[in-house]
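Here's the structure, in structure tokens; my notes come after.
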Amino acid sequence: MTRTAEPSQTTDQVEPARAETATAGRRASWVHGDYARVFAVVLAWNLVLIAVAYLFAPSSPVDEGIPKTGIGSTMSLLAHTYRWDAGNYGEIAVHAYTGSYAPTRAFYPVFPVLVWLVQTVSFGTLGLLAAGFLVNLVATWLAAVALLKIGRHFFDGERAPWLVVAAFLTAPAAFFLHSFYSEAVFCALGFWAYLFALRRQWLWMGLTLIPLTASRITAAVFVGLCFLEFWRSKDWKLRGLLSANLLWFPAAFLGLGGVLVAMKIQTGDFFASFNALKGVREWSYHQFNPNILGTLWREAKLTGHALLGDTPMDAWTLMSHVLPMIGLALLFASSVYVLVALRAEGVPLALFGFASIVMLTMNNNVVSVHRYLLPCLVMYVALVLFGERRPKLRGAVHVVLYANALVCGMIYLRFITGFWSG
């Protein structure tokens, strides 16, 4: 029998076909991969927040957090993001630290510098709020991607890691990721630094920690978290610390050093950011006090009396004492649970949680602490871990996420209408 001859394929014909197949595979991987799916979630989440502000803010009573003139004082799609401390970040983005209002120096420069950079790259076509929105959209996206991958380190399957991301985006103060604040950038840098540490990518971890310490002084707890993960990778042996990679941890504070130098150049005082709130009446509650237990006991008593009805539960008490103390209690419980459940693997996260409690109460108060708890990823891991270890109680995890989302929504409505929200 004869066989019909088939045209032979030369190498030149085969290689383009392979290249086209590889390109299509990469495109499909991007469209259906973590980055694309998380971006879709984060974008939708931001659009919902914009819609809520657009629908409810105009008909709601307003308070002093809304600027009287200038940016944020008029109705626009993003005006609601510019409330309270956002004005300080806006001032830095426009005028750096050259203004006469000293408290602005207490706010670190990474977020406003990124906003300025986006405006500059756009040749001024983007306004301050639009540039800030883009920065926070990308930062929240990257933070959520890192958290998803961190979740995959601790959990098998797809459901649990996505629940970790859900816990982050439904946290009571999650809307600050959407606002003209530095929370999103700080979380993105912190989560990626920890992810690199989990992957033992010490170079990338170190390079991420440097801008992190220029973002906020509480970056120190992330440096400690990554150091503990580094030490754990050496089986907790002291001789394991004899490694060149150990140098990344002191090098991380080059970012903070850069802030001090910038302060010296612009204000004449290396420590202007640390002294910015001294003598300012509105910030008089910020006073360094190493008696952490004393602060916690005082705040616990105040919270207890308010919850029992012995003292009035006014807005300031609720937002600046009760909610922060509930958050700190949950952080403590989460840290203990992770330590017990994961043992050696959970030591870095647990100690990170305990150190965060210390760091967040050293100023003799717990005002805004529920906002500062956003980067405390041990809480998100602990919540999902609880559900994974007790399948019959997995529904409780969803109830907590729903309750958190409701609380977040209520606080968000306060924030966009200018009422104090942390």
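The way I read the labels, and the way they are meant: chains A, B, ... in the order of the structure tokens, residue 1 as the first residue of every chain, and ligand 1 as the first ligand shown, with later ones counted on from there.
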Can you tell me, as an mmCIF file with all heavy atoms, in the first residue's frame, what residues are no more than 9 Å from region 362-373 of chain A when counting only C-alpha atoms, ignoring any on the same chain fewer than 5 positions away?
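Result written to out-v7.cif:
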```
data_model
loop_
_atom_site.group_PDB
_atom_site.id
_atom_site.type_symbol
_atom_site.label_atom_id
_atom_site.label_comp_id
_atom_site.auth_asym_id
_atom_site.auth_seq_id
_atom_site.Cartn_x
_atom_site.Cartn_y
_atom_site.Cartn_z
ATOM 1 N N PRO A 172 -12.507 45.682 60.009
ATOM 2 C CA PRO A 172 -13.266 46.894 60.352
ATOM 3 C C PRO A 172 -12.658 48.204 59.843
ATOM 4 O O PRO A 172 -13.391 49.155 59.593
ATOM 5 C CB PRO A 172 -13.300 46.844 61.884
ATOM 6 C CG PRO A 172 -13.276 45.381 62.194
ATOM 7 C CD PRO A 172 -12.357 44.782 61.168
ATOM 8 N N ALA A 173 -11.348 48.247 59.695
ATOM 9 C CA ALA A 173 -10.706 49.477 59.210
ATOM 10 C C ALA A 173 -10.184 49.335 57.789
ATOM 11 O O ALA A 173 -9.380 50.151 57.333
ATOM 12 C CB ALA A 173 -9.565 49.869 60.147
ATOM 13 N N ALA A 174 -10.662 48.333 57.040
ATOM 14 C CA ALA A 174 -10.132 48.063 55.704
ATOM 15 C C ALA A 174 -10.336 49.229 54.741
ATOM 16 O O ALA A 174 -9.553 49.399 53.797
ATOM 17 C CB ALA A 174 -10.777 46.801 55.135
ATOM 18 N N PHE A 176 -9.569 52.145 55.016
ATOM 19 C CA PHE A 176 -8.406 53.034 54.985
ATOM 20 C C PHE A 176 -7.447 52.657 53.852
ATOM 21 O O PHE A 176 -6.632 53.477 53.427
ATOM 22 C CB PHE A 176 -7.669 53.010 56.326
ATOM 23 C CG PHE A 176 -8.324 53.860 57.380
ATOM 24 C CD1 PHE A 176 -9.035 53.276 58.418
ATOM 25 C CD2 PHE A 176 -8.247 55.240 57.340
ATOM 26 C CE1 PHE A 176 -9.662 54.051 59.388
ATOM 27 C CE2 PHE A 176 -8.861 56.031 58.303
ATOM 28 C CZ PHE A 176 -9.569 55.430 59.325
ATOM 29 N N GLU A 183 -1.907 53.286 54.602
ATOM 30 C CA GLU A 183 -2.115 51.892 55.022
ATOM 31 C C GLU A 183 -1.842 50.889 53.903
ATOM 32 O O GLU A 183 -1.226 49.846 54.112
ATOM 33 C CB GLU A 183 -3.546 51.714 55.536
ATOM 34 C CG GLU A 183 -3.685 51.781 57.045
ATOM 35 C CD GLU A 183 -3.324 53.124 57.618
ATOM 36 O OE1 GLU A 183 -3.457 54.134 56.904
ATOM 37 O OE2 GLU A 183 -2.903 53.189 58.788
ATOM 38 N N THR A 218 6.366 51.694 62.935
ATOM 39 C CA THR A 218 5.948 50.348 63.322
ATOM 40 C C THR A 218 6.455 49.282 62.357
ATOM 41 O O THR A 218 6.224 48.083 62.575
ATOM 42 C CB THR A 218 4.416 50.257 63.419
ATOM 43 O OG1 THR A 218 3.837 50.813 62.230
ATOM 44 C CG2 THR A 218 3.900 51.023 64.623
ATOM 45 N N TYR A 285 -2.583 63.639 73.688
ATOM 46 C CA TYR A 285 -2.687 62.279 74.242
ATOM 47 C C TYR A 285 -1.521 61.388 73.804
ATOM 48 O O TYR A 285 -1.325 60.304 74.330
ATOM 49 C CB TYR A 285 -4.020 61.641 73.848
ATOM 50 C CG TYR A 285 -4.313 61.631 72.365
ATOM 51 C CD1 TYR A 285 -3.823 60.622 71.548
ATOM 52 C CD2 TYR A 285 -5.102 62.642 71.794
ATOM 53 C CE1 TYR A 285 -4.094 60.620 70.190
ATOM 54 C CE2 TYR A 285 -5.386 62.625 70.440
ATOM 55 C CZ TYR A 285 -4.873 61.623 69.635
ATOM 56 O OH TYR A 285 -5.147 61.617 68.295
ATOM 57 N N HIS A 286 -0.729 61.854 72.822
ATOM 58 C CA HIS A 286 0.442 61.084 72.383
ATOM 59 C C HIS A 286 1.632 61.430 73.268
ATOM 60 O O HIS A 286 2.261 62.476 73.116
ATOM 61 C CB HIS A 286 0.781 61.411 70.918
ATOM 62 C CG HIS A 286 0.001 60.593 69.941
ATOM 63 N ND1 HIS A 286 0.211 59.252 69.761
ATOM 64 C CD2 HIS A 286 -0.990 60.942 69.077
ATOM 65 C CE1 HIS A 286 -0.614 58.794 68.827
ATOM 66 N NE2 HIS A 286 -1.361 59.793 68.414
ATOM 67 N N GLN A 287 1.943 60.565 74.199
ATOM 68 C CA GLN A 287 3.088 60.744 75.090
ATOM 69 C C GLN A 287 3.770 59.400 75.282
ATOM 70 O O GLN A 287 3.117 58.412 75.655
ATOM 71 C CB GLN A 287 2.636 61.299 76.448
ATOM 72 C CG GLN A 287 1.964 62.653 76.382
ATOM 73 C CD GLN A 287 1.435 63.093 77.737
ATOM 74 O OE1 GLN A 287 1.667 62.441 78.747
ATOM 75 N NE2 GLN A 287 0.708 64.204 77.749
ATOM 76 N N PHE A 288 5.059 59.358 75.015
ATOM 77 C CA PHE A 288 5.776 58.099 75.164
ATOM 78 C C PHE A 288 5.683 57.607 76.609
ATOM 79 O O PHE A 288 5.965 58.337 77.555
ATOM 80 C CB PHE A 288 7.238 58.261 74.767
ATOM 81 C CG PHE A 288 8.049 57.018 74.997
ATOM 82 C CD1 PHE A 288 7.885 55.902 74.190
ATOM 83 C CD2 PHE A 288 8.969 56.955 76.039
ATOM 84 C CE1 PHE A 288 8.619 54.750 74.403
ATOM 85 C CE2 PHE A 288 9.711 55.813 76.262
ATOM 86 C CZ PHE A 288 9.537 54.705 75.433
ATOM 87 N N ASN A 289 5.249 56.359 76.762
ATOM 88 C CA ASN A 289 5.106 55.764 78.093
ATOM 89 C C ASN A 289 5.415 54.273 77.992
ATOM 90 O O ASN A 289 4.606 53.504 77.469
ATOM 91 C CB ASN A 289 3.684 55.980 78.618
ATOM 92 C CG ASN A 289 3.477 55.372 79.992
ATOM 93 O OD1 ASN A 289 4.429 54.935 80.636
ATOM 94 N ND2 ASN A 289 2.238 55.332 80.445
ATOM 95 N N PRO A 290 6.573 53.833 78.480
ATOM 96 C CA PRO A 290 6.945 52.417 78.377
ATOM 97 C C PRO A 290 6.126 51.496 79.281
ATOM 98 O O PRO A 290 6.263 50.273 79.191
ATOM 99 C CB PRO A 290 8.424 52.415 78.775
ATOM 100 C CG PRO A 290 8.582 53.615 79.646
ATOM 101 C CD PRO A 290 7.614 54.642 79.124
ATOM 102 N N ASN A 291 5.278 52.077 80.145
ATOM 103 C CA ASN A 291 4.446 51.258 81.033
ATOM 104 C C ASN A 291 3.253 50.717 80.247
ATOM 105 O O ASN A 291 2.112 51.186 80.379
ATOM 106 C CB ASN A 291 3.983 52.082 82.235
ATOM 107 C CG ASN A 291 3.203 51.241 83.231
ATOM 108 O OD1 ASN A 291 3.155 50.009 83.137
ATOM 109 N ND2 ASN A 291 2.574 51.897 84.196
ATOM 110 N N ILE A 292 3.512 49.723 79.399
ATOM 111 C CA ILE A 292 2.492 49.168 78.512
ATOM 112 C C ILE A 292 1.329 48.576 79.310
ATOM 113 O O ILE A 292 0.157 48.789 78.986
ATOM 114 C CB ILE A 292 3.100 48.079 77.601
ATOM 115 C CG1 ILE A 292 4.324 48.611 76.881
ATOM 116 C CG2 ILE A 292 2.060 47.553 76.619
ATOM 117 C CD1 ILE A 292 4.068 49.792 76.019
ATOM 118 N N GLY A 294 0.315 49.332 82.260
ATOM 119 C CA GLY A 294 -0.481 50.395 82.864
ATOM 120 C C GLY A 294 -1.457 51.000 81.864
ATOM 121 O O GLY A 294 -2.628 51.249 82.179
ATOM 122 N N THR A 295 -0.976 51.225 80.648
ATOM 123 C CA THR A 295 -1.841 51.768 79.592
ATOM 124 C C THR A 295 -2.979 50.809 79.259
ATOM 125 O O THR A 295 -4.143 51.209 79.158
ATOM 126 C CB THR A 295 -0.999 52.050 78.329
ATOM 127 O OG1 THR A 295 0.008 53.022 78.630
ATOM 128 C CG2 THR A 295 -1.883 52.567 77.202
ATOM 129 N N LEU A 296 -2.644 49.531 79.124
ATOM 130 C CA LEU A 296 -3.660 48.539 78.789
ATOM 131 C C LEU A 296 -4.699 48.398 79.906
ATOM 132 O O LEU A 296 -5.895 48.251 79.632
ATOM 133 C CB LEU A 296 -3.000 47.187 78.498
ATOM 134 C CG LEU A 296 -2.204 47.101 77.189
ATOM 135 C CD1 LEU A 296 -1.446 45.786 77.112
ATOM 136 C CD2 LEU A 296 -3.140 47.245 75.989
ATOM 137 N N GLU A 299 -7.012 51.465 79.849
ATOM 138 C CA GLU A 299 -7.927 51.395 78.714
ATOM 139 C C GLU A 299 -8.952 50.264 78.883
ATOM 140 O O GLU A 299 -10.116 50.397 78.467
ATOM 141 C CB GLU A 299 -7.140 51.198 77.422
ATOM 142 C CG GLU A 299 -6.262 52.383 77.027
ATOM 143 C CD GLU A 299 -7.080 53.585 76.574
ATOM 144 O OE1 GLU A 299 -8.259 53.398 76.198
ATOM 145 O OE2 GLU A 299 -6.548 54.709 76.603
ATOM 146 N N MET A 319 -14.926 54.855 69.321
ATOM 147 C CA MET A 319 -13.945 54.795 68.248
ATOM 148 C C MET A 319 -12.503 54.803 68.751
ATOM 149 O O MET A 319 -11.615 54.248 68.100
ATOM 150 C CB MET A 319 -14.133 55.977 67.284
ATOM 151 C CG MET A 319 -15.496 56.030 66.619
ATOM 152 S SD MET A 319 -15.954 54.502 65.754
ATOM 153 C CE MET A 319 -14.552 54.265 64.711
ATOM 154 N N SER A 320 -12.250 55.429 69.886
ATOM 155 C CA SER A 320 -10.872 55.617 70.335
ATOM 156 C C SER A 320 -10.490 54.788 71.550
ATOM 157 O O SER A 320 -9.324 54.813 71.967
ATOM 158 C CB SER A 320 -10.638 57.107 70.654
ATOM 159 O OG SER A 320 -10.843 57.889 69.498
ATOM 160 N N HIS A 321 -11.447 54.066 72.118
ATOM 161 C CA HIS A 321 -11.127 53.229 73.273
ATOM 162 C C HIS A 321 -11.686 51.806 73.113
ATOM 163 O O HIS A 321 -10.941 50.834 73.169
ATOM 164 C CB HIS A 321 -11.671 53.865 74.555
ATOM 165 C CG HIS A 321 -11.084 55.202 74.855
ATOM 166 N ND1 HIS A 321 -9.810 55.374 75.330
ATOM 167 C CD2 HIS A 321 -11.613 56.448 74.726
ATOM 168 C CE1 HIS A 321 -9.552 56.672 75.497
ATOM 169 N NE2 HIS A 321 -10.629 57.344 75.132
ATOM 170 N N LEU A 323 -13.367 50.077 70.483
ATOM 171 C CA LEU A 323 -12.989 49.313 69.292
ATOM 172 C C LEU A 323 -11.498 48.966 69.267
ATOM 173 O O LEU A 323 -11.134 47.820 68.968
ATOM 174 C CB LEU A 323 -13.379 50.072 68.029
ATOM 175 C CG LEU A 323 -14.853 50.008 67.628
ATOM 176 C CD1 LEU A 323 -15.093 50.803 66.344
ATOM 177 C CD2 LEU A 323 -15.302 48.565 67.429
ATOM 178 N N PRO A 324 -10.608 49.916 69.591
ATOM 179 C CA PRO A 324 -9.188 49.549 69.632
ATOM 180 C C PRO A 324 -8.878 48.456 70.652
ATOM 181 O O PRO A 324 -8.072 47.555 70.370
ATOM 182 C CB PRO A 324 -8.491 50.869 70.003
ATOM 183 C CG PRO A 324 -9.413 51.924 69.491
ATOM 184 C CD PRO A 324 -10.789 51.381 69.719
ATOM 185 N N MET A 325 -9.508 48.504 71.818
ATOM 186 C CA MET A 325 -9.228 47.486 72.835
ATOM 187 C C MET A 325 -9.768 46.121 72.424
ATOM 188 O O MET A 325 -9.137 45.087 72.682
ATOM 189 C CB MET A 325 -9.818 47.910 74.175
ATOM 190 C CG MET A 325 -9.006 48.979 74.890
ATOM 191 S SD MET A 325 -7.284 48.479 75.198
ATOM 192 C CE MET A 325 -7.503 47.142 76.368
ATOM 193 N N ILE A 326 -10.926 46.092 71.779
ATOM 194 C CA ILE A 326 -11.435 44.824 71.256
ATOM 195 C C ILE A 326 -10.467 44.277 70.211
ATOM 196 O O ILE A 326 -10.158 43.076 70.191
ATOM 197 C CB ILE A 326 -12.840 45.015 70.650
ATOM 198 C CG1 ILE A 326 -13.858 45.335 71.756
ATOM 199 C CG2 ILE A 326 -13.273 43.771 69.883
ATOM 200 C CD1 ILE A 326 -15.237 45.680 71.244
ATOM 201 N N GLY A 327 -9.954 45.151 69.375
ATOM 202 C CA GLY A 327 -8.976 44.728 68.370
ATOM 203 C C GLY A 327 -7.713 44.171 68.989
ATOM 204 O O GLY A 327 -7.183 43.137 68.546
ATOM 205 N N LEU A 328 -7.208 44.824 70.026
ATOM 206 C CA LEU A 328 -5.999 44.337 70.696
ATOM 207 C C LEU A 328 -6.242 42.995 71.380
ATOM 208 O O LEU A 328 -5.366 42.117 71.368
ATOM 209 C CB LEU A 328 -5.517 45.371 71.728
ATOM 210 C CG LEU A 328 -4.868 46.634 71.154
ATOM 211 C CD1 LEU A 328 -4.598 47.646 72.258
ATOM 212 C CD2 LEU A 328 -3.574 46.298 70.416
ATOM 213 N N LEU A 331 -6.175 40.453 68.703
ATOM 214 C CA LEU A 331 -4.792 40.241 68.260
ATOM 215 C C LEU A 331 -4.053 39.339 69.241
ATOM 216 O O LEU A 331 -3.315 38.432 68.828
ATOM 217 C CB LEU A 331 -4.078 41.588 68.129
ATOM 218 C CG LEU A 331 -2.587 41.534 67.781
ATOM 219 C CD1 LEU A 331 -2.344 40.793 66.466
ATOM 220 C CD2 LEU A 331 -2.004 42.947 67.719
ATOM 221 N N SER A 356 3.483 43.694 68.266
ATOM 222 C CA SER A 356 2.609 44.749 67.744
ATOM 223 C C SER A 356 1.798 45.381 68.866
ATOM 224 O O SER A 356 1.588 46.603 68.880
ATOM 225 C CB SER A 356 1.674 44.180 66.678
ATOM 226 O OG SER A 356 2.395 43.721 65.556
ATOM 227 N N ILE A 357 1.345 44.559 69.810
ATOM 228 C CA ILE A 357 0.594 45.102 70.953
ATOM 229 C C ILE A 357 1.461 46.081 71.730
ATOM 230 O O ILE A 357 1.011 47.178 72.106
ATOM 231 C CB ILE A 357 0.119 43.957 71.869
ATOM 232 C CG1 ILE A 357 -0.917 43.103 71.131
ATOM 233 C CG2 ILE A 357 -0.479 44.509 73.163
ATOM 234 C CD1 ILE A 357 -1.326 41.846 71.890
ATOM 235 N N MET A 379 -3.855 37.872 62.552
ATOM 236 C CA MET A 379 -5.282 37.778 62.855
ATOM 237 C C MET A 379 -6.031 37.087 61.730
ATOM 238 O O MET A 379 -6.945 36.284 61.977
ATOM 239 C CB MET A 379 -5.851 39.177 63.104
ATOM 240 C CG MET A 379 -5.179 39.928 64.245
ATOM 241 S SD MET A 379 -5.814 41.609 64.449
ATOM 242 C CE MET A 379 -7.422 41.291 65.135
ATOM 243 N N SER A 421 -13.063 58.593 62.858
ATOM 244 C CA SER A 421 -13.175 57.159 62.654
ATOM 245 C C SER A 421 -11.861 56.410 62.911
ATOM 246 O O SER A 421 -11.749 55.235 62.623
ATOM 247 C CB SER A 421 -13.617 56.876 61.203
ATOM 248 O OG SER A 421 -14.768 57.606 60.888
ATOM 249 N N GLY A 422 -10.898 57.120 63.430
ATOM 250 C CA GLY A 422 -9.605 56.482 63.707
ATOM 251 C C GLY A 422 -8.508 56.930 62.780
ATOM 252 O O GLY A 422 -7.447 56.378 62.766
#
```
Pick out the residues sitting within 12 Å of Leu47 (chain A), and hand them over as a PDB file with N, CA and C atoms, in the first residue's frame; count only C-alpha atoms, and ignore anything fewer than 3 positions along from it in its own chain.
```
ATOM      1  N   ALA A  40      -9.125  41.854  40.010  1.00  0.00           N
ATOM      2  CA  ALA A  40     -10.570  41.982  39.771  1.00  0.00           C
ATOM      3  C   ALA A  40     -11.319  42.167  41.085  1.00  0.00           C
ATOM      4  N   VAL A  41     -10.927  41.412  42.103  1.00  0.00           N
ATOM      5  CA  VAL A  41     -11.575  41.521  43.415  1.00  0.00           C
ATOM      6  C   VAL A  41     -11.325  42.888  44.031  1.00  0.00           C
ATOM      7  N   VAL A  42     -10.071  43.331  44.011  1.00  0.00           N
ATOM      8  CA  VAL A  42      -9.711  44.612  44.636  1.00  0.00           C
ATOM      9  C   VAL A  42     -10.354  45.779  43.893  1.00  0.00           C
ATOM     10  N   LEU A  43     -10.380  45.705  42.566  1.00  0.00           N
ATOM     11  CA  LEU A  43     -11.016  46.771  41.788  1.00  0.00           C
ATOM     12  C   LEU A  43     -12.508  46.840  42.109  1.00  0.00           C
ATOM     13  N   ALA A  44     -13.171  45.696  42.140  1.00  0.00           N
ATOM     14  CA  ALA A  44     -14.599  45.668  42.464  1.00  0.00           C
ATOM     15  C   ALA A  44     -14.839  46.198  43.876  1.00  0.00           C
ATOM     16  N   ILE A  50     -16.600  53.414  46.389  1.00  0.00           N
ATOM     17  CA  ILE A  50     -16.906  54.672  45.696  1.00  0.00           C
ATOM     18  C   ILE A  50     -18.416  54.840  45.561  1.00  0.00           C
ATOM     19  N   ALA A  51     -19.107  53.763  45.191  1.00  0.00           N
ATOM     20  CA  ALA A  51     -20.558  53.824  45.019  1.00  0.00           C
ATOM     21  C   ALA A  51     -21.261  54.150  46.330  1.00  0.00           C
ATOM     22  N   VAL A  52     -20.820  53.544  47.425  1.00  0.00           N
ATOM     23  CA  VAL A  52     -21.426  53.813  48.737  1.00  0.00           C
ATOM     24  C   VAL A  52     -21.259  55.284  49.098  1.00  0.00           C
ATOM     25  N   ALA A  53     -20.049  55.813  48.880  1.00  0.00           N
ATOM     26  CA  ALA A  53     -19.808  57.225  49.191  1.00  0.00           C
ATOM     27  C   ALA A  53     -20.659  58.137  48.309  1.00  0.00           C
ATOM     28  N   TYR A  54     -20.772  57.804  47.043  1.00  0.00           N
ATOM     29  CA  TYR A  54     -21.526  58.631  46.096  1.00  0.00           C
ATOM     30  C   TYR A  54     -23.019  58.636  46.426  1.00  0.00           C
ATOM     31  N   LEU A  77     -15.992  62.079  42.771  1.00  0.00           N
ATOM     32  CA  LEU A  77     -15.969  60.632  42.995  1.00  0.00           C
ATOM     33  C   LEU A  77     -14.962  60.222  44.050  1.00  0.00           C
ATOM     34  N   LEU A  78     -13.892  61.000  44.239  1.00  0.00           N
ATOM     35  CA  LEU A  78     -12.839  60.607  45.173  1.00  0.00           C
ATOM     36  C   LEU A  78     -12.672  61.567  46.344  1.00  0.00           C
ATOM     37  N   PHE A 133      -5.478  57.539  44.527  1.00  0.00           N
ATOM     38  CA  PHE A 133      -6.326  56.366  44.302  1.00  0.00           C
ATOM     39  C   PHE A 133      -5.569  55.292  43.531  1.00  0.00           C
ATOM     40  N   LEU A 137      -4.807  51.667  44.908  1.00  0.00           N
ATOM     41  CA  LEU A 137      -5.369  50.539  44.174  1.00  0.00           C
ATOM     42  C   LEU A 137      -4.290  49.500  43.901  1.00  0.00           C
ATOM     43  N   PHE A 175     -11.342  50.056  54.968  1.00  0.00           N
ATOM     44  CA  PHE A 175     -11.598  51.166  54.046  1.00  0.00           C
ATOM     45  C   PHE A 175     -10.443  52.162  54.011  1.00  0.00           C
ATOM     46  N   HIS A 178      -8.441  52.222  50.958  1.00  0.00           N
ATOM     47  CA  HIS A 178      -9.051  52.943  49.842  1.00  0.00           C
ATOM     48  C   HIS A 178      -8.875  54.451  50.002  1.00  0.00           C
TER      49      HIS A 178
END
```
Near Ser182 (chain A), counting only C-alpha atoms, which residues have an atom at most 9 Å away, once you skip same-chain residues fewer than 3 positions from it, shown as a PDB file with N, CA, C and O atoms, in the first residue's frame?
```pdb
ATOM      1  N   ALA A  86      -5.590  62.594  55.968  1.00  0.00           N
ATOM      2  CA  ALA A  86      -5.269  62.655  54.542  1.00  0.00           C
ATOM      3  C   ALA A  86      -4.707  64.015  54.165  1.00  0.00           C
ATOM      4  O   ALA A  86      -3.847  64.122  53.283  1.00  0.00           O
ATOM      5  N   TYR A  89      -0.939  64.050  54.467  1.00  0.00           N
ATOM      6  CA  TYR A  89      -0.260  63.377  53.355  1.00  0.00           C
ATOM      7  C   TYR A  89      -0.333  64.226  52.083  1.00  0.00           C
ATOM      8  O   TYR A  89       0.627  64.277  51.300  1.00  0.00           O
ATOM      9  N   TYR A 108       5.103  59.858  57.577  1.00  0.00           N
ATOM     10  CA  TYR A 108       6.277  59.413  56.821  1.00  0.00           C
ATOM     11  C   TYR A 108       6.067  59.575  55.310  1.00  0.00           C
ATOM     12  O   TYR A 108       4.930  59.610  54.824  1.00  0.00           O
ATOM     13  N   VAL A 110       6.825  57.859  52.256  1.00  0.00           N
ATOM     14  CA  VAL A 110       6.770  56.949  51.115  1.00  0.00           C
ATOM     15  C   VAL A 110       5.475  57.089  50.324  1.00  0.00           C
ATOM     16  O   VAL A 110       5.490  57.216  49.089  1.00  0.00           O
ATOM     17  N   PHE A 111       4.330  57.076  51.004  1.00  0.00           N
ATOM     18  CA  PHE A 111       3.057  57.202  50.287  1.00  0.00           C
ATOM     19  C   PHE A 111       2.954  58.534  49.547  1.00  0.00           C
ATOM     20  O   PHE A 111       2.668  58.550  48.338  1.00  0.00           O
ATOM     21  N   PRO A 112       3.177  59.676  50.205  1.00  0.00           N
ATOM     22  CA  PRO A 112       3.065  60.940  49.449  1.00  0.00           C
ATOM     23  C   PRO A 112       4.087  61.065  48.323  1.00  0.00           C
ATOM     24  O   PRO A 112       3.793  61.683  47.295  1.00  0.00           O
ATOM     25  N   ASN A 136      -3.004  53.594  45.818  1.00  0.00           N
ATOM     26  CA  ASN A 136      -3.625  52.684  46.785  1.00  0.00           C
ATOM     27  C   ASN A 136      -4.284  51.487  46.118  1.00  0.00           C
ATOM     28  O   ASN A 136      -4.332  50.394  46.698  1.00  0.00           O
ATOM     29  N   PHE A 176      -9.569  52.145  55.016  1.00  0.00           N
ATOM     30  CA  PHE A 176      -8.406  53.034  54.985  1.00  0.00           C
ATOM     31  C   PHE A 176      -7.447  52.657  53.852  1.00  0.00           C
ATOM     32  O   PHE A 176      -6.632  53.477  53.427  1.00  0.00           O
ATOM     33  N   LEU A 177      -7.540  51.427  53.360  1.00  0.00           N
ATOM     34  CA  LEU A 177      -6.752  51.034  52.193  1.00  0.00           C
ATOM     35  C   LEU A 177      -7.200  51.808  50.958  1.00  0.00           C
ATOM     36  O   LEU A 177      -6.424  52.013  50.021  1.00  0.00           O
ATOM     37  N   SER A 179      -8.631  54.903  51.217  1.00  0.00           N
ATOM     38  CA  SER A 179      -8.557  56.331  51.512  1.00  0.00           C
ATOM     39  C   SER A 179      -7.164  56.877  51.237  1.00  0.00           C
ATOM     40  O   SER A 179      -6.216  56.133  51.001  1.00  0.00           O
ATOM     41  N   VAL A 185       0.027  51.034  51.143  1.00  0.00           N
ATOM     42  CA  VAL A 185       1.445  50.914  50.794  1.00  0.00           C
ATOM     43  C   VAL A 185       2.198  50.175  51.896  1.00  0.00           C
ATOM     44  O   VAL A 185       3.034  49.301  51.620  1.00  0.00           O
ATOM     45  N   PHE A 186       1.883  50.490  53.143  1.00  0.00           N
ATOM     46  CA  PHE A 186       2.561  49.828  54.264  1.00  0.00           C
ATOM     47  C   PHE A 186       2.258  48.331  54.266  1.00  0.00           C
ATOM     48  O   PHE A 186       3.156  47.506  54.454  1.00  0.00           O
ATOM     49  N   CYS A 187       0.994  47.970  54.061  1.00  0.00           N
ATOM     50  CA  CYS A 187       0.623  46.553  54.043  1.00  0.00           C
ATOM     51  C   CYS A 187       1.291  45.827  52.876  1.00  0.00           C
ATOM     52  O   CYS A 187       1.772  44.698  53.031  1.00  0.00           O
ATOM     53  N   SER A 215       8.261  54.082  55.765  1.00  0.00           N
ATOM     54  CA  SER A 215       6.813  54.268  55.654  1.00  0.00           C
ATOM     55  C   SER A 215       6.153  54.529  56.993  1.00  0.00           C
ATOM     56  O   SER A 215       5.139  55.222  57.062  1.00  0.00           O
ATOM     57  N   ARG A 216       6.716  53.948  58.063  1.00  0.00           N
ATOM     58  CA  ARG A 216       6.097  54.065  59.382  1.00  0.00           C
ATOM     59  C   ARG A 216       7.043  53.442  60.407  1.00  0.00           C
ATOM     60  O   ARG A 216       7.690  52.438  60.127  1.00  0.00           O
TER      61      ARG A 216
END
```
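Taking CA of Arg83 (chain A) and CA of Glu64 (chain A) as the two end points, the separation is 9.1 Å.
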Write out, as JSON lines, each residue of region 327-358 of chain A that has an atom at most 12 Å from region 196-211 of chain A, together with the closest pair of atoms and their distance in Å to one decimal, counting only C-alpha atoms, rows going by chain and rising number.
```
{"residue": "A:Glu345", "atom": "CA", "partner": "A:Leu198", "partner_atom": "CA", "distance": 10.5}
{"residue": "A:Gly346", "atom": "CA", "partner": "A:Leu198", "partner_atom": "CA", "distance": 11.9}
{"residue": "A:Pro348", "atom": "CA", "partner": "A:Leu198", "partner_atom": "CA", "distance": 10.6}
{"residue": "A:Leu349", "atom": "CA", "partner": "A:Leu198", "partner_atom": "CA", "distance": 11.3}
```
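For the pair CA of Lys149 (chain A) and CA of Tyr380 (chain A), the separation is 13.1 Å.
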| Can you list, as a PyMOL selection string, every protein, DNA or RNA residue that comes within 12 Å of Gly258 (chain A) when you count only C-alpha atoms, leaving out same-chain residues fewer than 5 positions away? | chain A and resi 108-110+210-215+251-253+263-265+270-271
